[in-house]
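Step one of this worksheet: look at the structure below.
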Amino acid sequence: PTFHAFLRALPKCEHHMHLEGALRPHILFQLASKNNITLPQDDEAFASPESLLSRYQRFTSLDDFLHYYYIGMSVLITASDFEDLAWDYFLHASADGVAHAEVFFDPQAHVVRAVTYSTVVDGFSRACKRAESELGITTILTSCFLRHLPVQESLDLFDDEEVQKSYRDGTVTGIGLDSSEMDFPPELFVELFAKARKQGLNLTAHAGEEAPASYIATAVSDLRVTRIDHGIALPSSPDLLSQIAASKMLLTVCPLSNVVLRCVDTIADVPIRKLLDAGVQFSINSDDPAYFGGHCLDNHVAVHEAFDLSVDEWVGIVRAGIEGSWCATERKGELL
Ligand code: HPA
Ligand code: ZN
């Protein structure tokens, strides 16, 4: 119990949380009803919020999860829907002792259903402003591109005037790469990331979640990301492991996600000890808290139960998260 309080009190930074992944089943059903969205009738998982939640406990892979994730977010229509969703997450984050939250969203998944980019960003950014003023949590919004869709669609969205405006005015300050990983290697998106880099945006990519360490290598070499999301395949490549350690690049590890999506068997199989021994900087994150059964603090507790880390090790992990954040230097100073 005292260790729980210690973990809660640490000034944690969350770097890997998809806002659409904070959509809890009972809210999903409420929004479906409010917005007249018909949920799939041929899948008994959608019989009730309870049956949906129990289906989430039986995911078989990343793609099995993504199927439910994209259906789930189809109930989000108005700017208030997006604001309420993000606000629900920020309340949880605040209760968990999260001091700084860098959050992802998936614009392509909304624009294809005729929900405009501005609707999504207006709602999310309103919640971010509220989190800053009412909860004292600093926030950063990162737009992720979906690697299972044609590359040209990501380039077209990136060039869209509404999207460019959100980058220019600083509402959205980075890009990421997510969705189905296998067979969609980072190097497919080299042109997108080169453009974003030229504009001074922060760059990250999911890599080495289900796919091998070679995906981490090309995210770094070809996309020139400054962060790797997941990256649990890294220890399988000793050379890359020492290269990433030397670079001080941050890995955003999501232990409960890795177990629920069957990337590993148990939390003890997440390579926490190997990353610590190699000197790799990493943070502990929730990924999609409504789908994977835990928020930021739950992930910290699960790691502690599996690895029995020392106070010094925890302080080092949280410090790495602060140093690897994309917030202003002044804010880092406050958190350190
Ligand atoms: N991996 C890839 N895409 C995602 C994830 C993830 O863990 N969560 C939401 N979209
Ligand atoms: Zn993710």
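Residue numbering restarts at 1 in every chain; chains get A, B, ... in the order shown in the structure tokens, and ligands count up from 1 in that same order.
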Can you write out as JSON lines which residues of chain A fall within 8 Å of ligand 2, alongside each residue's closest atom pair and its distance in Å to one decimal, counting only C-alpha atoms and all ligand atoms and ordering rows by chain and ascending residue number?
{"residue": "A:His16", "atom": "CA", "partner": "ligand 2", "partner_atom_place_in_ligand_line": "1 (Zn)", "distance": 6.0}
{"residue": "A:Met17", "atom": "CA", "partner": "ligand 2", "partner_atom_place_in_ligand_line": "1 (Zn)", "distance": 6.4}
{"residue": "A:His18", "atom": "CA", "partner": "ligand 2", "partner_atom_place_in_ligand_line": "1 (Zn)", "distance": 6.3}
{"residue": "A:Asp178", "atom": "CA", "partner": "ligand 2", "partner_atom_place_in_ligand_line": "1 (Zn)", "distance": 6.5}
{"residue": "A:Ser179", "atom": "CA", "partner": "ligand 2", "partner_atom_place_in_ligand_line": "1 (Zn)", "distance": 7.9}
{"residue": "A:His206", "atom": "CA", "partner": "ligand 2", "partner_atom_place_in_ligand_line": "1 (Zn)", "distance": 6.6}
{"residue": "A:Asp229", "atom": "CA", "partner": "ligand 2", "partner_atom_place_in_ligand_line": "1 (Zn)", "distance": 6.7}
{"residue": "A:His230", "atom": "CA", "partner": "ligand 2", "partner_atom_place_in_ligand_line": "1 (Zn)", "distance": 7.3}
{"residue": "A:Cys254", "atom": "CA", "partner": "ligand 2", "partner_atom_place_in_ligand_line": "1 (Zn)", "distance": 7.9}
{"residue": "A:Asp287", "atom": "CA", "partner": "ligand 2", "partner_atom_place_in_ligand_line": "1 (Zn)", "distance": 4.8}
{"residue": "A:Asp288", "atom": "CA", "partner": "ligand 2", "partner_atom_place_in_ligand_line": "1 (Zn)", "distance": 6.9}
_Polymer residues at most 9 Å from range 88-97 of chain A, only C-alpha atoms, same-chain spacing of 6 or more positions, as a list in words_ =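 The neighbour list is Leu7, Arg8, Ala9, Leu10, Pro11, Lys12, Glu14, Leu19, Ala22, Leu23, Ala127, Cys128, Ala131, Leu135, Gly136, Ile137, Pro289, His295, Cys296, Leu297 and Asp298 of chain A.
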*asked:* How would you report the residues lying within 10 Å of ligand 1, as a count of residues only, if you count only C-alpha atoms and all ligand atoms?
replied: 44
*Pick from A:Ala290, A:Asp222, A:His304, A:Thr142: nearest to Leu52 in chain A, with only C-alpha atoms counted?*
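Smallest separation from Leu52 in chain A among the options: A:Ala290.
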_Option closest in space to Ala109 in chain A, from A:Ala219, A:Ile71, A:Leu141, A:Leu335 [counting only C-alpha atoms]_ = A:Ile71
